[in-house]
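See below for coords23.cif, which holds mmCIF, C-alpha atoms.
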```cif
data_model
loop_
_atom_site.label_atom_id
_atom_site.label_comp_id
_atom_site.auth_asym_id
_atom_site.auth_seq_id
_atom_site.Cartn_x
_atom_site.Cartn_y
_atom_site.Cartn_z
CA MET A 1 93.29 63.40 -55.99
CA ASN A 2 95.68 66.19 -56.93
CA ASN A 3 97.83 64.06 -59.21
CA LEU A 4 94.91 62.71 -61.21
CA ARG A 5 93.72 66.24 -61.57
CA LYS A 6 97.15 67.34 -62.76
CA ILE A 7 97.35 64.51 -65.26
CA LEU A 8 93.88 64.75 -66.71
CA ILE A 9 93.29 68.49 -66.40
CA ALA A 10 96.89 69.78 -66.37
CA GLY A 11 98.09 72.22 -68.89
CA LEU A 12 96.88 75.69 -69.66
CA MET A 13 96.48 74.81 -73.34
CA LEU A 14 93.46 72.49 -73.61
CA LEU A 15 92.64 70.78 -76.88
CA SER A 16 88.97 70.56 -77.76
CA ILE A 17 87.29 67.99 -80.02
CA PRO A 18 84.58 69.22 -82.39
CA PHE A 19 81.12 69.42 -80.88
CA VAL A 20 77.65 70.31 -82.03
CA GLY A 21 75.60 73.15 -80.64
CA TYR A 22 78.36 74.60 -78.43
CA ALA A 23 77.80 72.01 -75.68
CA ARG A 24 79.18 72.69 -72.24
CA GLN A 25 82.51 70.94 -71.80
CA TRP A 26 83.11 69.44 -68.37
CA THR A 27 86.51 69.12 -66.74
CA LEU A 28 87.24 66.16 -64.49
CA ARG A 29 87.09 68.42 -61.43
CA GLU A 30 83.69 69.78 -62.47
CA CYS A 31 82.34 66.26 -63.01
CA ILE A 32 83.50 65.17 -59.56
CA ASP A 33 82.21 68.27 -57.75
CA TYR A 34 78.84 68.05 -59.47
CA ALA A 35 78.47 64.34 -58.69
CA LEU A 36 79.39 64.82 -55.03
CA GLN A 37 76.59 67.37 -54.73
CA ASN A 38 73.89 65.70 -56.80
CA ASN A 39 74.39 61.94 -56.75
CA ILE A 40 71.27 60.28 -55.28
CA THR A 41 73.15 57.63 -53.32
CA LEU A 42 75.32 60.28 -51.67
CA GLN A 43 72.26 62.35 -50.79
CA LYS A 44 70.68 59.32 -49.13
CA ASN A 45 73.88 58.75 -47.13
CA ARG A 46 73.74 62.35 -45.93
CA LEU A 47 70.16 61.81 -44.79
CA SER A 48 71.29 58.74 -42.83
CA LYS A 49 73.86 60.92 -41.07
CA LEU A 50 71.19 63.50 -40.21
CA SER A 51 69.02 60.72 -38.78
CA ALA A 52 71.95 59.47 -36.68
CA GLU A 53 72.50 62.99 -35.34
CA GLN A 54 68.88 63.05 -34.17
CA ASP A 55 69.53 59.82 -32.25
CA ILE A 56 72.44 61.56 -30.50
CA LEU A 57 70.19 64.43 -29.39
CA GLN A 58 67.56 61.97 -28.19
CA SER A 59 70.04 59.93 -26.14
CA LYS A 60 71.48 63.09 -24.55
CA ALA A 61 67.99 64.29 -23.65
CA ALA A 62 67.43 60.97 -21.86
CA LEU A 63 69.91 62.14 -19.18
CA LEU A 64 67.49 64.87 -18.12
CA PRO A 65 64.41 64.45 -15.90
CA SER A 66 61.10 63.79 -17.57
CA LEU A 67 57.99 65.78 -16.65
CA ASN A 68 54.42 65.20 -17.66
CA ALA A 69 51.04 66.60 -16.76
CA SER A 70 47.83 64.60 -16.69
CA THR A 71 44.20 65.09 -15.93
CA SER A 72 41.14 62.90 -15.88
CA GLN A 73 37.47 63.90 -15.86
CA ASN A 74 34.95 61.25 -14.99
CA ALA A 75 31.15 61.39 -14.81
CA THR A 76 29.07 58.89 -12.84
CA TYR A 77 25.39 58.14 -13.24
CA ARG A 78 23.45 56.47 -10.41
CA PRO A 79 19.88 55.94 -11.56
CA TRP A 80 18.59 54.53 -8.26
CA PRO A 81 20.47 56.16 -5.38
CA GLU A 82 19.60 55.03 -1.88
CA THR A 83 18.45 57.95 0.23
CA GLY A 84 19.81 58.56 3.66
CA THR A 85 23.17 56.92 2.91
CA ALA A 86 26.64 58.38 2.64
CA THR A 87 28.87 58.33 -0.43
CA VAL A 88 32.63 58.59 -0.30
CA ALA A 89 34.14 61.11 -2.75
CA ASN A 90 37.76 62.19 -2.69
CA GLY A 91 38.18 60.86 0.82
CA TYR A 92 35.08 62.62 2.18
CA ALA A 93 31.80 61.02 3.25
CA VAL A 94 28.96 63.04 1.84
CA SER A 95 25.24 62.59 1.72
CA SER A 96 23.79 63.07 -1.69
CA ILE A 97 20.94 61.88 -3.75
CA ASP A 98 22.35 63.27 -7.03
CA LYS A 99 22.01 60.74 -9.82
CA ILE A 100 24.81 62.32 -11.90
CA TYR A 101 28.07 63.66 -10.54
CA TYR A 102 31.68 64.01 -11.74
CA ASN A 103 35.19 63.77 -10.37
CA GLY A 104 38.25 65.57 -11.73
CA SER A 105 41.91 64.89 -10.98
CA TYR A 106 45.00 66.89 -11.95
CA ALA A 107 48.59 65.67 -11.64
CA LEU A 108 52.14 66.72 -12.41
CA ASN A 109 54.69 63.86 -12.38
CA GLY A 110 58.45 63.92 -12.75
CA ASN A 111 60.98 61.08 -13.05
CA TRP A 112 64.75 61.14 -13.22
CA THR A 113 67.01 58.15 -13.73
CA LEU A 114 70.11 58.81 -11.62
CA TRP A 115 72.06 55.70 -12.55
CA ASN A 116 71.38 52.64 -14.69
CA GLY A 117 74.82 51.10 -15.01
CA ASN A 118 75.93 53.87 -17.44
CA ARG A 119 73.68 52.49 -20.14
CA ASN A 120 72.41 55.99 -20.95
CA ARG A 121 75.91 57.49 -21.33
CA ASN A 122 77.18 54.52 -23.31
CA THR A 123 74.17 54.87 -25.57
CA ILE A 124 75.21 58.44 -26.31
CA LYS A 125 78.71 57.26 -27.26
CA GLN A 126 77.19 54.50 -29.37
CA ASN A 127 74.98 56.94 -31.27
CA GLU A 128 77.91 59.28 -31.82
CA MET A 129 79.84 56.39 -33.37
CA ALA A 130 76.82 55.56 -35.53
CA ALA A 131 76.86 59.15 -36.83
CA GLN A 132 80.57 58.85 -37.61
CA GLN A 133 79.93 55.56 -39.41
CA ALA A 134 77.17 57.19 -41.45
CA GLU A 135 79.61 59.93 -42.44
CA LEU A 136 82.24 57.34 -43.35
CA ASP A 137 79.64 55.45 -45.42
CA SER A 138 79.13 58.68 -47.34
CA ALA A 139 82.89 59.02 -47.80
CA VAL A 140 83.13 55.44 -49.11
CA THR A 141 80.39 56.16 -51.64
CA ALA A 142 82.08 59.42 -52.63
CA ASN A 143 85.38 57.60 -53.23
CA ASN A 144 83.66 54.95 -55.34
CA ILE A 145 81.94 57.61 -57.42
CA GLN A 146 85.21 59.50 -57.95
CA GLU A 147 86.91 56.29 -59.10
CA GLN A 148 84.11 55.54 -61.54
CA ILE A 149 84.17 59.08 -62.89
CA ALA A 150 87.96 58.97 -63.36
CA GLN A 151 87.73 55.62 -65.16
CA LEU A 152 84.95 56.82 -67.46
CA TYR A 153 86.74 60.10 -68.07
CA VAL A 154 89.86 58.23 -69.20
CA GLN A 155 87.76 55.91 -71.36
CA ILE A 156 86.25 58.97 -73.04
CA LEU A 157 89.71 60.39 -73.63
CA TYR A 158 90.88 57.08 -75.09
CA SER A 159 87.78 56.75 -77.28
CA SER A 160 88.25 60.29 -78.60
CA GLU A 161 91.85 59.48 -79.51
CA ALA A 162 90.74 56.17 -81.06
CA ILE A 163 88.30 58.03 -83.30
CA ARG A 164 91.13 60.30 -84.43
CA VAL A 165 93.30 57.27 -85.25
CA HIS A 166 90.47 55.57 -87.17
CA LYS A 167 89.78 58.75 -89.13
CA SER A 168 93.44 59.00 -90.03
CA SER A 169 93.35 55.37 -91.10
CA LEU A 170 90.24 56.09 -93.19
CA GLU A 171 92.00 58.92 -94.98
CA THR A 172 94.82 56.53 -95.87
CA SER A 173 92.33 53.88 -97.03
CA MET A 174 90.54 56.39 -99.23
CA LYS A 175 93.85 57.42 -100.79
CA ASN A 176 94.73 53.77 -101.41
CA GLU A 177 91.32 53.14 -102.94
CA GLN A 178 91.67 56.15 -105.23
CA ARG A 179 95.14 55.02 -106.21
CA GLY A 180 93.75 51.55 -106.90
CA LYS A 181 91.09 52.99 -109.21
CA GLU A 182 93.82 54.76 -111.13
CA PHE A 183 95.78 51.50 -111.37
CA VAL A 184 92.69 49.68 -112.66
CA ASN A 185 92.20 52.34 -115.31
CA VAL A 186 95.74 51.83 -116.62
CA GLY A 187 95.58 48.06 -116.27
CA LYS A 188 98.08 47.76 -113.40
CA MET A 189 95.53 46.28 -110.93
CA SER A 190 92.60 43.95 -111.16
CA LYS A 191 89.09 44.88 -110.05
CA ALA A 192 89.32 42.08 -107.46
CA ASP A 193 92.29 43.81 -105.82
CA LEU A 194 90.42 47.12 -105.96
CA SER A 195 87.47 45.56 -104.18
CA GLN A 196 89.79 44.62 -101.33
CA LEU A 197 90.89 48.23 -101.01
CA THR A 198 87.24 49.30 -101.05
CA SER A 199 86.49 46.71 -98.36
CA GLN A 200 89.28 48.09 -96.20
CA ARG A 201 87.94 51.63 -96.60
CA ALA A 202 84.48 50.40 -95.58
CA GLN A 203 85.97 48.60 -92.56
CA ASP A 204 87.64 51.83 -91.45
CA GLU A 205 84.28 53.62 -91.74
CA TYR A 206 82.73 50.87 -89.63
CA ASN A 207 85.50 51.25 -87.04
CA ILE A 208 84.77 54.97 -86.79
CA VAL A 209 81.05 54.34 -86.25
CA GLU A 210 81.84 51.74 -83.58
CA ALA A 211 84.33 54.03 -81.81
CA GLU A 212 81.83 56.91 -81.85
CA SER A 213 79.19 54.57 -80.42
CA ASN A 214 81.56 53.58 -77.60
CA LEU A 215 82.28 57.25 -76.93
CA ARG A 216 78.57 58.07 -76.67
CA ASN A 217 78.04 55.12 -74.33
CA TYR A 218 80.84 56.23 -71.99
CA LYS A 219 79.39 59.73 -71.97
CA ARG A 220 75.96 58.29 -71.15
CA GLN A 221 77.41 56.39 -68.20
CA LEU A 222 79.16 59.52 -66.97
CA LYS A 223 75.93 61.52 -67.25
CA GLN A 224 74.18 58.86 -65.20
CA LEU A 225 76.76 59.21 -62.42
CA LEU A 226 76.25 62.97 -62.50
CA GLN A 227 72.44 62.47 -62.35
CA LEU A 228 72.04 64.53 -65.53
CA THR A 229 68.74 64.05 -67.36
CA THR A 230 68.89 67.06 -69.68
CA GLU A 231 68.92 66.61 -73.44
CA GLU A 232 71.69 69.20 -73.72
CA GLU A 233 74.76 67.91 -75.55
CA PHE A 234 77.31 66.55 -73.07
CA ASP A 235 81.04 66.74 -73.65
CA ILE A 236 84.28 66.87 -71.68
CA VAL A 237 87.42 68.95 -71.86
CA ILE A 238 90.21 67.09 -73.62
CA PRO A 239 93.40 67.86 -71.68
CA THR A 240 96.90 67.61 -73.05
CA THR A 241 98.47 64.26 -72.27
CA THR A 242 102.14 63.44 -72.79
CA ASP A 243 104.14 60.26 -72.96
CA GLU A 244 105.96 61.34 -69.80
CA MET A 245 102.71 60.97 -67.86
CA ALA A 246 102.65 57.29 -68.73
CA LEU A 247 106.38 56.86 -68.15
CA GLN A 248 106.49 58.43 -64.68
CA GLU A 249 107.65 56.41 -61.69
CA ILE A 250 105.02 54.02 -60.33
CA PRO A 251 104.38 54.34 -56.55
CA GLN A 252 105.54 51.40 -54.42
CA MET A 253 102.66 49.04 -53.71
CA GLN A 254 103.42 48.46 -50.00
CA GLY A 255 103.78 52.19 -49.36
CA VAL A 256 100.43 52.86 -51.01
CA TYR A 257 98.78 50.14 -48.93
CA GLU A 258 100.18 51.39 -45.62
CA SER A 259 99.04 54.94 -46.39
CA ALA A 260 95.61 53.72 -47.47
CA LEU A 261 95.13 51.81 -44.21
CA ALA A 262 95.37 55.11 -42.33
CA ILE A 263 93.01 57.17 -44.49
CA ARG A 264 90.53 54.95 -46.34
CA PRO A 265 87.01 55.45 -44.91
CA GLU A 266 86.00 51.79 -45.26
CA ILE A 267 88.87 50.80 -42.94
CA GLN A 268 88.01 53.51 -40.41
CA ASN A 269 84.38 52.44 -40.54
CA ALA A 270 85.24 48.83 -39.74
CA LYS A 271 87.39 49.94 -36.80
CA LEU A 272 84.53 52.07 -35.49
CA GLY A 273 82.30 49.01 -35.72
CA ILE A 274 84.63 47.17 -33.34
CA GLU A 275 84.57 50.09 -30.89
CA ALA A 276 80.79 50.27 -31.10
CA SER A 277 80.54 46.54 -30.35
CA ASP A 278 82.61 47.11 -27.17
CA LEU A 279 79.96 49.62 -26.07
CA ASN A 280 77.25 47.09 -26.91
CA ILE A 281 78.91 44.63 -24.54
CA LYS A 282 79.00 47.25 -21.74
CA ILE A 283 75.36 48.16 -22.31
CA ALA A 284 74.36 44.49 -22.22
CA LYS A 285 76.31 43.86 -18.99
CA ALA A 286 74.64 46.88 -17.36
CA GLN A 287 71.35 44.97 -17.39
CA LYS A 288 72.68 43.08 -14.34
CA LEU A 289 73.17 46.30 -12.36
CA PRO A 290 70.60 48.18 -10.24
CA THR A 291 68.71 51.18 -11.57
CA ILE A 292 68.25 54.16 -9.27
CA GLY A 293 65.75 56.94 -9.93
CA LEU A 294 63.93 59.85 -8.35
CA ASN A 295 60.26 60.68 -8.70
CA ALA A 296 58.04 63.55 -7.60
CA SER A 297 54.40 64.42 -8.09
CA ALA A 298 51.84 67.11 -7.36
CA ILE A 299 48.18 66.00 -7.37
CA THR A 300 44.81 67.58 -6.68
CA ASN A 301 41.20 66.77 -7.47
CA THR A 302 37.65 68.09 -7.51
CA THR A 303 34.16 66.61 -7.34
CA SER A 304 30.65 67.88 -7.86
CA MET A 305 29.57 66.09 -4.65
CA SER A 306 31.43 68.68 -2.57
CA ASN A 307 29.76 71.93 -1.54
CA ASN A 308 33.12 73.77 -1.76
CA ALA A 309 33.97 75.95 -4.72
CA TRP A 310 36.12 74.50 -7.50
CA GLY A 311 39.11 76.66 -6.60
CA THR A 312 38.78 75.82 -2.93
CA GLN A 313 38.76 72.10 -3.75
CA LEU A 314 41.90 72.44 -5.83
CA LYS A 315 43.64 74.06 -2.89
CA THR A 316 42.41 71.83 -0.08
CA ASN A 317 42.93 68.58 -2.04
CA PHE A 318 46.44 69.52 -3.20
CA ASN A 319 49.15 66.91 -2.41
CA VAL A 320 52.89 66.91 -3.10
CA GLY A 321 55.02 63.77 -2.91
CA ALA A 322 58.57 62.70 -3.73
CA GLY A 323 60.63 59.56 -3.44
CA PHE A 324 63.24 57.37 -5.01
CA ASN A 325 63.16 53.89 -6.42
CA VAL A 326 65.76 51.17 -6.79
CA SER A 327 65.32 48.27 -9.18
CA ILE A 328 67.62 45.29 -8.66
CA PRO A 329 67.50 42.54 -11.31
CA LEU A 330 67.54 39.10 -9.70
CA PHE A 331 66.46 36.66 -12.40
CA ASP A 332 65.83 37.75 -15.98
CA ASN A 333 65.39 34.42 -17.74
CA ARG A 334 68.92 34.62 -19.21
CA SER A 335 68.18 37.78 -21.22
CA THR A 336 71.30 39.60 -19.94
CA LYS A 337 73.65 36.72 -20.65
CA THR A 338 72.19 36.29 -24.12
CA ALA A 339 72.59 40.01 -24.84
CA VAL A 340 76.23 39.95 -23.69
CA ASN A 341 77.04 36.87 -25.77
CA LYS A 342 75.38 38.29 -28.88
CA ALA A 343 77.28 41.56 -28.44
CA ALA A 344 80.55 39.59 -28.17
CA ILE A 345 79.66 37.67 -31.35
CA GLN A 346 78.92 40.94 -33.11
CA LYS A 347 82.37 42.20 -32.13
CA MET A 348 84.01 39.12 -33.66
CA ASN A 349 81.97 39.74 -36.80
CA TYR A 350 83.27 43.32 -37.01
CA GLN A 351 86.83 42.06 -36.52
CA LEU A 352 86.38 39.67 -39.44
CA ASP A 353 84.82 42.50 -41.44
CA LEU A 354 87.92 44.63 -40.81
CA GLN A 355 90.20 41.80 -42.00
CA ASP A 356 88.04 41.33 -45.08
CA LYS A 357 88.18 45.04 -45.93
CA GLN A 358 91.95 45.11 -45.41
CA THR A 359 92.34 42.13 -47.74
CA ALA A 360 90.05 43.72 -50.34
CA LEU A 361 91.96 47.00 -50.10
CA TYR A 362 95.29 45.24 -50.60
CA SER A 363 93.90 43.30 -53.58
CA THR A 364 92.56 46.49 -55.18
CA ILE A 365 95.87 48.32 -54.75
CA GLU A 366 97.82 45.31 -55.98
CA ASN A 367 95.61 45.14 -59.07
CA TYR A 368 96.15 48.82 -59.85
CA TRP A 369 99.89 48.38 -59.32
CA LEU A 370 100.11 45.30 -61.55
CA GLN A 371 98.03 47.03 -64.23
CA ALA A 372 100.24 50.11 -64.03
CA VAL A 373 103.45 48.08 -64.37
CA THR A 374 102.06 45.88 -67.14
CA ASN A 375 100.59 48.72 -69.19
CA GLN A 376 103.67 50.90 -68.74
CA ASN A 377 105.82 48.09 -70.18
CA LYS A 378 103.26 47.58 -72.94
CA PHE A 379 103.36 51.29 -73.71
CA LYS A 380 107.14 51.29 -74.02
CA ALA A 381 106.97 48.33 -76.41
CA ALA A 382 103.98 49.74 -78.28
CA LYS A 383 105.76 53.03 -78.97
CA VAL A 384 108.63 51.17 -80.61
CA ALA A 385 106.18 48.97 -82.50
CA THR A 386 104.19 51.96 -83.78
CA GLU A 387 107.31 53.71 -85.04
CA SER A 388 108.48 50.51 -86.70
CA GLN A 389 105.09 49.78 -88.29
CA GLN A 390 104.79 53.38 -89.50
CA THR A 391 108.20 53.18 -91.19
CA SER A 392 107.32 49.79 -92.64
CA TYR A 393 103.95 50.98 -93.94
CA ASP A 394 105.45 54.10 -95.52
CA LEU A 395 107.94 51.86 -97.34
CA LEU A 396 105.18 49.43 -98.36
CA SER A 397 103.07 52.30 -99.72
CA GLU A 398 105.93 53.54 -101.85
CA GLN A 399 106.71 50.02 -103.09
CA PHE A 400 103.02 49.45 -103.82
CA ARG A 401 102.94 52.67 -105.82
CA LEU A 402 105.90 51.41 -107.82
CA GLY A 403 104.24 48.03 -108.30
CA LEU A 404 106.77 46.17 -106.16
CA LYS A 405 104.27 45.04 -103.52
CA ASN A 406 100.85 43.52 -103.94
CA ILE A 407 97.56 44.55 -102.38
CA VAL A 408 97.65 41.86 -99.69
CA GLU A 409 101.01 43.05 -98.39
CA LEU A 410 99.79 46.66 -98.33
CA MET A 411 96.61 45.79 -96.43
CA ASN A 412 98.50 43.67 -93.91
CA GLY A 413 100.93 46.53 -93.33
CA LYS A 414 98.07 48.97 -92.77
CA ASP A 415 96.32 46.58 -90.36
CA ASN A 416 99.53 46.12 -88.40
CA LEU A 417 100.02 49.88 -88.16
CA LEU A 418 96.46 50.45 -86.97
CA MET A 419 96.79 47.73 -84.35
CA ALA A 420 100.09 49.17 -83.10
CA GLN A 421 98.56 52.65 -82.82
CA GLN A 422 95.58 51.32 -80.86
CA ASN A 423 97.82 49.32 -78.54
CA GLU A 424 99.91 52.39 -77.86
CA LEU A 425 96.87 54.52 -77.09
CA GLN A 426 95.23 51.94 -74.86
CA SER A 427 98.37 51.17 -72.85
CA LYS A 428 99.13 54.87 -72.49
CA TYR A 429 95.77 55.83 -70.99
CA LEU A 430 95.53 52.71 -68.84
CA THR A 431 98.98 53.43 -67.42
CA ILE A 432 97.99 57.00 -66.57
CA LEU A 433 94.74 55.85 -64.99
CA ASN A 434 96.29 53.11 -62.85
CA ILE A 435 99.17 55.29 -61.63
CA ASP A 436 96.72 57.96 -60.56
CA MET A 437 94.46 55.46 -58.87
CA LEU A 438 97.47 54.38 -56.80
CA LYS A 439 98.11 58.01 -55.86
CA PHE A 440 94.44 58.44 -55.02
CA TYR A 441 94.60 55.53 -52.58
CA GLN A 442 97.86 56.85 -51.18
CA GLN A 443 96.82 60.48 -50.72
CA GLY A 444 93.04 60.25 -50.39
CA GLU A 445 92.43 63.21 -52.68
CA MET A 446 91.39 63.52 -56.29
#
```
Could the structure of this file be written out as structure tokens, please?
Amino acid sequence: MNNLRKILIAGLMLLSIPFVGYARQWTLRECIDYALQNNITLQKNRLSKLSAEQDILQSKAALLPSLNASTSQNATYRPWPETGTATVANGYAVSSIDKIYYNGSYALNGNWTLWNGNRNRNTIKQNEMAAQQAELDSAVTANNIQEQIAQLYVQILYSSEAIRVHKSSLETSMKNEQRGKEFVNVGKMSKADLSQLTSQRAQDEYNIVEAESNLRNYKRQLKQLLQLTTEEEFDIVIPTTTDEMALQEIPQMQGVYESALAIRPEIQNAKLGIEASDLNIKIAKAQKLPTIGLNASAITNTTSMSNNAWGTQLKTNFNVGAGFNVSIPLFDNRSTKTAVNKAAIQKMNYQLDLQDKQTALYSTIENYWLQAVTNQNKFKAAKVATESQQTSYDLLSEQFRLGLKNIVELMNGKDNLLMAQQNELQSKYLTILNIDMLKFYQQGEM
């Protein structure tokens, strides 16, 4: 979607996090384009579409006449022929005492179904719908992959920011620890209080390790979606994000849903299923109707029991015939009625499937909308809380330096500041993600 692209890639000035070995940095657009070309599931869906297109060609070819050539060569051995008798070969009575002789026949047959209750033409339409459904299946998979990539991309952005926050917190903890050591040396702090500052510094180091581990895991998941198996270092471009991106107007839920109903491939696929089931009913009902066809043949034969030359036999025994046939079903042991009823049941199943997909779509959009509203409100509150906690911690640090506050109060203030910063970051990125997911469902583009 264009808006997600603007939000996550926007800005000509892109900030980069440190990386090792000059790894290629992927933008969101590059990740999506690469996945759409290389994802295994998508490639399998494309193969399904190609297979469906072959079914279309086959069903169209069934409208044309069929033609086949055949020949048979048969040898006969008569170990005890009766002399003075006649043998019939190819319609001729011949006298022969040959123990071994052969017959050859050559035929060219053609058949053409003129009408079979429109089953052949409805089959073409049915196969064309199957090809469209295969293409829509591919579009559904593509949308799912794009959503997953966007979510992982935002998680990577959030994790990168979280590492920055934890490193900043570590720097503060190290300063506090150093200050504590100085206080211990002059007798203004006990070693027990210093150990608490050391413990807080160690906790910040642990938080950094954990955040870096989460970042690597999100990158691994993104690489898996891209079908990347190389050992080359993987990294993403870190775009500029602003508070305004999280504070923008949230799209109306009902408007998003109505737009999504018109463009989402899973909805279009379910509707095509209903149309295809209507064709199934017509094809099933056509079993009650007559089938009319034409046939033609050209036949000749040869035999070793004739004194004529092989070419002469082919000419004199040559026959050409043509005719038509009509097949009228009278009693089919209920097979037609069963086929019609099953096709009608399948249609009802597709109708329920459409309702289910519409409900699922509404629930997904509603969830994104609720998450966007909730996290936007959280972000507004978190910004105020962060500013307040930062002011409070700066005051606590100065009072601690002057000996007016104890170590417990300082550590609590630092913990509160860190929590406020994390809440602000998390709500900010979740708001951006959920707003852009709503726009993705509304516009159908990423």
> Which residue gives the smallest distance to Gln376 in chain A among A:Asn423, A:Asn325, A:Asn349, A:Thr291, with only C-alpha atoms counted?
Replying inline: A:Asn423
>> Tell me which residues come within 12 Å of (77.9, 43.6, -34.7), as JSON, numbers by chain, counting all atoms listed in the file in the file's coordinates.
In response: {"A": [270, 271, 272, 273, 274, 275, 276, 277, 278, 279, 280, 281, 339, 340, 341, 342, 343, 344, 345, 346, 347, 348, 349, 350, 351, 352, 353, 354]}
> For the point (103.8, 56.3, -78.4) in file coordinates, what residues are within 10 Å, counting only C-alpha atoms? Give the answer as a PyMOL selection string?
Replying inline: chain A and resi 242-243+246+379-387+420-425+427-428
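Comparing A:Asp235, A:Ser213, A:Met446, A:Leu64 by their smallest distance to Ile32 in chain A, the closest is A:Met446 (using all atoms listed in the file).
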Contacts of range 283-368 of chain A with range 266-269 of chain A up to 9 Å, shortest pair per row, only C-alpha atoms, as JSON lines:
```
{"residue": "A:Leu354", "atom": "CA", "partner": "A:Ile267", "partner_atom": "CA", "distance": 6.6}
{"residue": "A:Lys357", "atom": "CA", "partner": "A:Ile267", "partner_atom": "CA", "distance": 6.5}
{"residue": "A:Gln358", "atom": "CA", "partner": "A:Ile267", "partner_atom": "CA", "distance": 6.9}
{"residue": "A:Leu361", "atom": "CA", "partner": "A:Ile267", "partner_atom": "CA", "distance": 8.7}
```
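Picked by the PyMOL selection byres ((chain A and resi 73) around 6) from the coordinates shown: Ser72, Asn74, Asn103 and Gly104 of chain A.
CA of Ile208 in chain A is positioned 10.1 Å from CA of Ser168 in chain A.
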>> Assuming the chain letters and numbering stay as they are in my file, what does the PyMOL selection byres ((chain A and resi 397) around 12) actually select? List them as a ChimeraX atom specification.
In response: /A:172-173,175-176,179-180,389-396,398-414
Axis-aligned box for all listed atoms of range 189-193 of chain A, 3 Å per side, centre and edges in Å to one decimal, as JSON:
```
{"center_x": 92.3, "center_y": 44.2, "center_z": -108.5, "size_x": 12.4, "size_y": 10.2, "size_z": 11.3}
```
